[in-house]
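A.B. asks: File follows, query-v7.pdb with PDB, C-alpha atoms:
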ATOM      1  CA  MET P   1      67.407 -60.649  11.354
ATOM      2  CA  ASP P   2      70.826 -59.359  10.307
ATOM      3  CA  PHE P   3      73.502 -58.982  12.954
ATOM      4  CA  LYS P   4      76.854 -57.340  13.119
ATOM      5  CA  ILE P   5      79.403 -57.606  15.877
ATOM      6  CA  SER P   6      81.663 -54.768  16.951
ATOM      7  CA  ASP P   7      83.566 -53.430  19.949
ATOM      8  CA  THR P   8      81.434 -52.420  22.893
ATOM      9  CA  SER P   9      81.518 -48.728  23.798
ATOM     10  CA  HIS P  10      80.356 -46.583  26.691
ATOM     11  CA  SER P  11      77.329 -45.498  24.645
ATOM     12  CA  ASP P  12      76.146 -49.137  24.866
ATOM     13  CA  LEU P  13      75.922 -49.052  28.674
ATOM     14  CA  PRO P  14      72.201 -48.200  28.967
ATOM     15  CA  TYR P  15      71.325 -51.163  26.731
ATOM     16  CA  ILE P  16      73.661 -53.530  28.545
ATOM     17  CA  ARG P  17      72.197 -52.610  31.926
ATOM     18  CA  GLU P  18      68.747 -53.515  30.574
ATOM     19  CA  PHE P  19      70.017 -57.016  29.733
ATOM     20  CA  PHE P  20      70.832 -57.780  33.360
ATOM     21  CA  THR P  21      68.702 -60.528  34.839
ATOM     22  CA  ASP P  22      68.882 -62.658  37.964
ATOM     23  CA  THR P  23      71.143 -65.003  35.994
ATOM     24  CA  THR P  24      73.572 -62.245  35.019
ATOM     25  CA  THR P  25      73.773 -61.061  38.613
ATOM     26  CA  ALA P  26      74.191 -64.611  39.946
ATOM     27  CA  TRP P  27      77.003 -65.379  37.496
ATOM     28  CA  PHE P  28      78.966 -62.124  37.562
ATOM     29  CA  GLY P  29      77.906 -60.392  40.761
ATOM     30  CA  PRO P  30      75.718 -57.396  41.555
ATOM     31  CA  ASN P  31      78.509 -54.805  41.648
ATOM     32  CA  LEU P  32      80.127 -54.960  38.219
ATOM     33  CA  ASN P  33      81.855 -51.770  37.205
ATOM     34  CA  LEU P  34      80.644 -51.809  33.605
ATOM     35  CA  PRO P  35      82.618 -48.789  32.315
ATOM     36  CA  GLU P  36      85.838 -50.245  33.695
ATOM     37  CA  LEU P  37      84.990 -53.708  32.378
ATOM     38  CA  ILE P  38      84.441 -52.325  28.869
ATOM     39  CA  GLU P  39      87.693 -50.353  28.974
ATOM     40  CA  LYS P  40      89.964 -52.960  30.507
ATOM     41  CA  SER P  41      88.728 -56.264  29.083
ATOM     42  CA  PHE P  42      90.971 -57.999  26.585
ATOM     43  CA  ILE P  43      87.939 -58.358  24.306
ATOM     44  CA  CYS P  44      84.537 -56.721  24.765
ATOM     45  CA  LEU P  45      82.081 -57.224  21.918
ATOM     46  CA  SER P  46      78.454 -56.389  21.251
ATOM     47  CA  GLN P  47      76.164 -58.100  18.817
ATOM     48  CA  ARG P  48      74.063 -55.412  17.144
ATOM     49  CA  GLY P  49      70.698 -55.363  15.465
ATOM     50  CA  GLU P  50      69.525 -53.464  12.403
ATOM     51  CA  GLY P  51      69.393 -50.132  14.234
ATOM     52  CA  ASP P  52      72.939 -50.637  15.576
ATOM     53  CA  GLU P  53      71.586 -51.099  19.114
ATOM     54  CA  PRO P  54      73.327 -53.798  21.188
ATOM     55  CA  LEU P  55      71.480 -57.109  21.503
ATOM     56  CA  SER P  56      74.141 -58.949  23.495
ATOM     57  CA  VAL P  57      77.548 -58.356  25.006
ATOM     58  CA  ILE P  58      80.516 -60.514  25.967
ATOM     59  CA  CYS P  59      83.607 -59.337  27.852
ATOM     60  CA  LEU P  60      86.630 -61.635  27.957
ATOM     61  CA  ASP P  61      89.916 -61.513  29.762
ATOM     62  CA  ASP P  62      92.970 -63.720  30.202
ATOM     63  CA  TYR P  63      92.270 -64.659  33.835
ATOM     64  CA  PRO P  64      89.212 -66.025  35.659
ATOM     65  CA  PRO P  65      86.730 -63.641  37.301
ATOM     66  CA  VAL P  66      87.325 -65.334  40.639
ATOM     67  CA  PRO P  67      88.924 -63.051  43.266
ATOM     68  CA  SER P  68      90.270 -65.986  45.290
ATOM     69  CA  ILE P  69      92.300 -67.279  42.318
ATOM     70  CA  LEU P  70      95.504 -65.336  41.805
ATOM     71  CA  ARG P  71      95.602 -63.859  38.330
ATOM     72  CA  ASP P  72      98.983 -65.375  37.443
ATOM     73  CA  PHE P  73      98.233 -68.851  38.811
ATOM     74  CA  TRP P  74      94.930 -69.779  37.201
ATOM     75  CA  LEU P  75      96.536 -72.408  34.994
ATOM     76  CA  GLU P  76      97.836 -74.288  38.029
ATOM     77  CA  TRP P  77      94.375 -74.012  39.618
ATOM     78  CA  MET P  78      92.733 -75.423  36.476
ATOM     79  CA  ARG P  79      95.170 -78.311  36.246
ATOM     80  CA  GLU P  80      94.833 -79.232  39.906
ATOM     81  CA  VAL P  81      91.068 -78.913  40.221
ATOM     82  CA  TYR P  82      89.919 -79.942  36.726
ATOM     83  CA  GLN P  83      92.975 -81.584  35.114
ATOM     84  CA  CYS P  84      92.591 -79.389  32.023
ATOM     85  CA  SER P  85      95.836 -80.073  30.197
ATOM     86  CA  GLN P  86      94.803 -78.512  26.862
ATOM     87  CA  LEU P  87      94.370 -75.011  28.309
ATOM     88  CA  ARG P  88      97.247 -72.543  28.181
ATOM     89  CA  TYR P  89      97.786 -68.907  29.125
ATOM     90  CA  LYS P  90      98.029 -67.978  25.451
ATOM     91  CA  ASN P  91      95.021 -69.884  24.085
ATOM     92  CA  SER P  92      92.320 -69.418  26.710
ATOM     93  CA  VAL P  93      90.069 -66.558  27.790
ATOM     94  CA  PHE P  94      87.471 -66.243  30.534
ATOM     95  CA  ILE P  95      84.038 -64.692  30.315
ATOM     96  CA  HIS P  96      83.762 -61.714  32.676
ATOM     97  CA  LEU P  97      80.365 -60.647  31.373
ATOM     98  CA  LEU P  98      77.751 -62.268  29.192
ATOM     99  CA  ALA P  99      74.400 -60.512  28.848
ATOM    100  CA  TRP P 100      71.730 -60.514  26.172
ATOM    101  CA  SER P 101      68.363 -59.228  25.106
ATOM    102  CA  SER P 102      65.504 -61.695  25.340
ATOM    103  CA  SER P 103      64.846 -61.007  21.642
ATOM    104  CA  CYS P 104      67.945 -62.978  20.644
ATOM    105  CA  ALA P 105      68.300 -65.401  23.561
ATOM    106  CA  SER P 106      68.348 -68.537  21.421
ATOM    107  CA  THR P 107      70.932 -67.389  18.852
ATOM    108  CA  PHE P 108      73.255 -64.743  20.272
ATOM    109  CA  LEU P 109      75.874 -67.072  21.749
ATOM    110  CA  GLU P 110      76.493 -68.951  18.518
ATOM    111  CA  HIS P 111      77.142 -65.674  16.677
ATOM    112  CA  LEU P 112      79.477 -64.298  19.346
ATOM    113  CA  LEU P 113      81.521 -67.486  19.676
ATOM    114  CA  SER P 114      81.891 -67.872  15.905
ATOM    115  CA  PHE P 115      83.022 -64.262  15.568
ATOM    116  CA  ILE P 116      85.615 -64.622  18.324
ATOM    117  CA  TYR P 117      87.154 -67.745  16.811
ATOM    118  CA  GLN P 118      87.176 -66.213  13.315
ATOM    119  CA  HIS P 119      88.834 -62.962  14.376
ATOM    120  CA  TYR P 120      91.069 -64.002  17.279
ATOM    121  CA  HIS P 121      93.100 -66.889  15.933
ATOM    122  CA  ALA P 122      95.144 -67.471  19.093
ATOM    123  CA  ILE P 123      92.027 -68.242  21.136
ATOM    124  CA  ASP P 124      91.154 -71.926  21.301
ATOM    125  CA  HIS P 125      89.106 -72.012  24.519
ATOM    126  CA  ILE P 126      86.468 -69.729  26.028
ATOM    127  CA  ILE P 127      85.758 -70.497  29.679
ATOM    128  CA  LEU P 128      82.755 -69.704  31.859
ATOM    129  CA  VAL P 129      83.186 -69.963  35.646
ATOM    130  CA  ILE P 130      80.125 -69.452  37.824
ATOM    131  CA  PRO P 131      79.518 -69.493  41.579
ATOM    132  CA  GLN P 132      78.599 -72.770  43.306
ATOM    133  CA  ASP P 133      74.986 -71.829  43.917
ATOM    134  CA  ALA P 134      74.280 -70.300  40.483
ATOM    135  CA  GLU P 135      72.041 -72.084  38.000
ATOM    136  CA  VAL P 136      73.223 -72.945  34.518
ATOM    137  CA  ASN P 137      70.948 -71.996  31.640
ATOM    138  CA  SER P 138      70.224 -74.910  29.341
ATOM    139  CA  PHE P 139      71.531 -73.013  26.304
ATOM    140  CA  VAL P 140      74.960 -72.783  27.954
ATOM    141  CA  LEU P 141      75.175 -76.569  27.879
ATOM    142  CA  ASN P 142      74.522 -76.439  24.131
ATOM    143  CA  TYR P 143      77.790 -74.541  23.649
ATOM    144  CA  PHE P 144      79.949 -75.291  26.694
ATOM    145  CA  LEU P 145      81.129 -78.595  28.144
ATOM    146  CA  PRO P 146      81.092 -78.858  31.939
ATOM    147  CA  MET P 147      84.505 -79.735  33.343
ATOM    148  CA  GLN P 148      84.600 -82.457  35.966
ATOM    149  CA  LYS P 149      86.401 -81.726  39.196
ATOM    150  CA  THR P 150      89.215 -83.985  40.315
ATOM    151  CA  SER P 151      87.840 -86.295  42.967
ATOM    152  CA  SER P 152      90.912 -85.800  45.156
ATOM    153  CA  PHE P 153      90.453 -82.036  45.330
ATOM    154  CA  LYS P 154      88.553 -81.304  48.543
ATOM    155  CA  ASN P 155      88.626 -77.503  48.875
ATOM    156  CA  THR P 156      85.160 -76.508  47.639
ATOM    157  CA  ARG P 157      86.043 -72.810  47.848
ATOM    158  CA  PHE P 158      88.190 -73.282  44.748
ATOM    159  CA  SER P 159      86.189 -75.944  42.899
ATOM    160  CA  LEU P 160      83.597 -73.891  41.075
ATOM    161  CA  PRO P 161      81.332 -74.961  38.194
ATOM    162  CA  LEU P 162      83.416 -74.484  35.072
ATOM    163  CA  PHE P 163      82.385 -74.759  31.418
ATOM    164  CA  VAL P 164      84.600 -74.714  28.327
ATOM    165  CA  ASN P 165      83.835 -73.984  24.700
ATOM    166  CA  SER P 166      86.662 -75.058  22.397
ATOM    167  CA  ARG P 167      87.335 -74.055  18.836
TER
END
What would the structure in this file look like if it were written as structure tokens?

C.D. replies:
Amino acid sequence: MDFKISDTSHSDLPYIREFFTDTTTAWFGPNLNLPELIEKSFICLSQRGEGDEPLSVICLDDYPPVPSILRDFWLEWMREVYQCSQLRYKNSVFIHLLAWSSSCASTFLEHLLSFIYQHYHAIDHIILVIPQDAEVNSFVLNYFLPMQKTSSFKNTRFSLPLFVNSR
């Protein structure tokens, strides 16, 4: 199957809503404002099939989708909790939405990640943060490395499962 990747638009919303599963809701919450997310994300891309219908979507921004982490202090949070010294404000983005059609579940992520690194040269790291009680799909571990928490960091409210894909 041939794919193309392009900016996500409001006309894609009905398709994107159909992609939502228990996993999507567990990772990103039940109350996402999709129109606002599409408009305000730093990058919001859809992988499209032969009929130009969306098959997957990824929305990225330059701060984590964690309300308890102040937008301008995420780097300090990452360094304290995970000791991630290679991440910087200018080379890292966070996934705010990742959803896909079951018809491309095994391949969509590879295509999206490759496209992002090919077209956004400043990005070196794509980060997925999920809630404590959310399950990780096995395919995520094929593309993202889990970051280990610092053993001295005791505040579990701020030590969330975190996964990084690097260029």

A.B. asks: Using the chain letters and residue numbers of this document, give as a PDB file with C-alpha atoms, keeping the file's coordinate frame the residues selected by the PyMOL selection byres ((chain P and resi 100) around 7).

C.D. replies:
ATOM      1  CA  PHE P  19      70.017 -57.016  29.733  1.00  0.00           C
ATOM      2  CA  LEU P  55      71.480 -57.109  21.503  1.00  0.00           C
ATOM      3  CA  SER P  56      74.141 -58.949  23.495  1.00  0.00           C
ATOM      4  CA  VAL P  57      77.548 -58.356  25.006  1.00  0.00           C
ATOM      5  CA  LEU P  98      77.751 -62.268  29.192  1.00  0.00           C
ATOM      6  CA  ALA P  99      74.400 -60.512  28.848  1.00  0.00           C
ATOM      7  CA  SER P 101      68.363 -59.228  25.106  1.00  0.00           C
ATOM      8  CA  SER P 102      65.504 -61.695  25.340  1.00  0.00           C
ATOM      9  CA  ALA P 105      68.300 -65.401  23.561  1.00  0.00           C
TER      10      ALA P 105
END

A.B. asks: Run through the PyMOL selection byres ((chain P and resi 141) around 12) on the given coordinates and return the selected residues as an MDAnalysis selection string.

C.D. replies: chainID P and resid 109 128 135:140 142:147 162:165

A.B. asks: Can you tell me how far atom CA of Leu45 of chain P sits from atom CA of Leu75 of chain P, in Å to one decimal?

C.D. replies: 24.7 Å

A.B. asks: Between atom CA of Tyr120 of chain P and atom CA of Tyr63 of chain P, what is the distance in Å, rounded to a tenth?

C.D. replies: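 Going from atom CA of Tyr120 of chain P over to atom CA of Tyr63 of chain P, I get 16.6 Å.
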
A.B. asks: For Ser41 of chain P, list every protein, DNA or RNA residue within 7 Å, evaluated using only C-alpha atoms, and leave out those in the same chain fewer than 2 positions away; present the list as a ChimeraX atom specification.

C.D. replies: /P:37-39,43-44,59-61

A.B. asks: Pick out the closest residue to Leu34 of chain P from this set: P:Tyr89, P:Tyr82, P:Tyr15, P:Phe108. Count only C-alpha atoms.

C.D. replies: P:Tyr15

A.B. asks: Hey, what's within 10 Å of Gln86 of chain P if we count all atoms listed in the file and toss same-chain stuff fewer than 2 positions away? As a ChimeraX atom specification, please?

C.D. replies: /P:79,83-84,88,91-92,124-125,166

A.B. asks: Let's have the selection written as an mmCIF file, keeping the file's coordinate frame, with C-alpha atoms.

C.D. replies:
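Written output follows (out_12.cif):
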data_model
loop_
_atom_site.group_PDB
_atom_site.id
_atom_site.type_symbol
_atom_site.label_atom_id
_atom_site.label_comp_id
_atom_site.auth_asym_id
_atom_site.auth_seq_id
_atom_site.Cartn_x
_atom_site.Cartn_y
_atom_site.Cartn_z
ATOM 1 C CA ARG P 79 95.170 -78.311 36.246
ATOM 2 C CA GLN P 83 92.975 -81.584 35.114
ATOM 3 C CA CYS P 84 92.591 -79.389 32.023
ATOM 4 C CA ARG P 88 97.247 -72.543 28.181
ATOM 5 C CA ASN P 91 95.021 -69.884 24.085
ATOM 6 C CA SER P 92 92.320 -69.418 26.710
ATOM 7 C CA ASP P 124 91.154 -71.926 21.301
ATOM 8 C CA HIS P 125 89.106 -72.012 24.519
ATOM 9 C CA SER P 166 86.662 -75.058 22.397
#

A.B. asks: Rounded to one decimal in Å, what is the spacing between atom CA of Glu36 of chain P and atom CA of Ile116 of chain P?

C.D. replies: 21.0 Å

A.B. asks: The PyMOL selection byres ((chain P and resi 52) around 10) on the file shown: which residues, as an MDAnalysis selection string?

C.D. replies: chainID P and resid 3:6 12 46:51 53:55

A.B. asks: For a cutoff of 7 Å around the file-coordinate point (90.6, -68.8, 31.4), which residues qualify once you count all atoms listed in the file? I'd like the result as a list in words.

C.D. replies: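 Checking each residue against the 7 Å limit leaves Asp62, Tyr63, Pro64, Ser92, Val93, Phe94, Ile126 and Ile127 of chain P.
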
A.B. asks: With C-alpha atoms kept, could you save the residues just selected as a PDB file, in the coordinates of the input?

C.D. replies:
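So selection.pdb came out as:
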ATOM      1  CA  ASP P  62      92.970 -63.720  30.202  1.00  0.00           C
ATOM      2  CA  TYR P  63      92.270 -64.659  33.835  1.00  0.00           C
ATOM      3  CA  PRO P  64      89.212 -66.025  35.659  1.00  0.00           C
ATOM      4  CA  SER P  92      92.320 -69.418  26.710  1.00  0.00           C
ATOM      5  CA  VAL P  93      90.069 -66.558  27.790  1.00  0.00           C
ATOM      6  CA  PHE P  94      87.471 -66.243  30.534  1.00  0.00           C
ATOM      7  CA  ILE P 126      86.468 -69.729  26.028  1.00  0.00           C
ATOM      8  CA  ILE P 127      85.758 -70.497  29.679  1.00  0.00           C
TER       9      ILE P 127
END
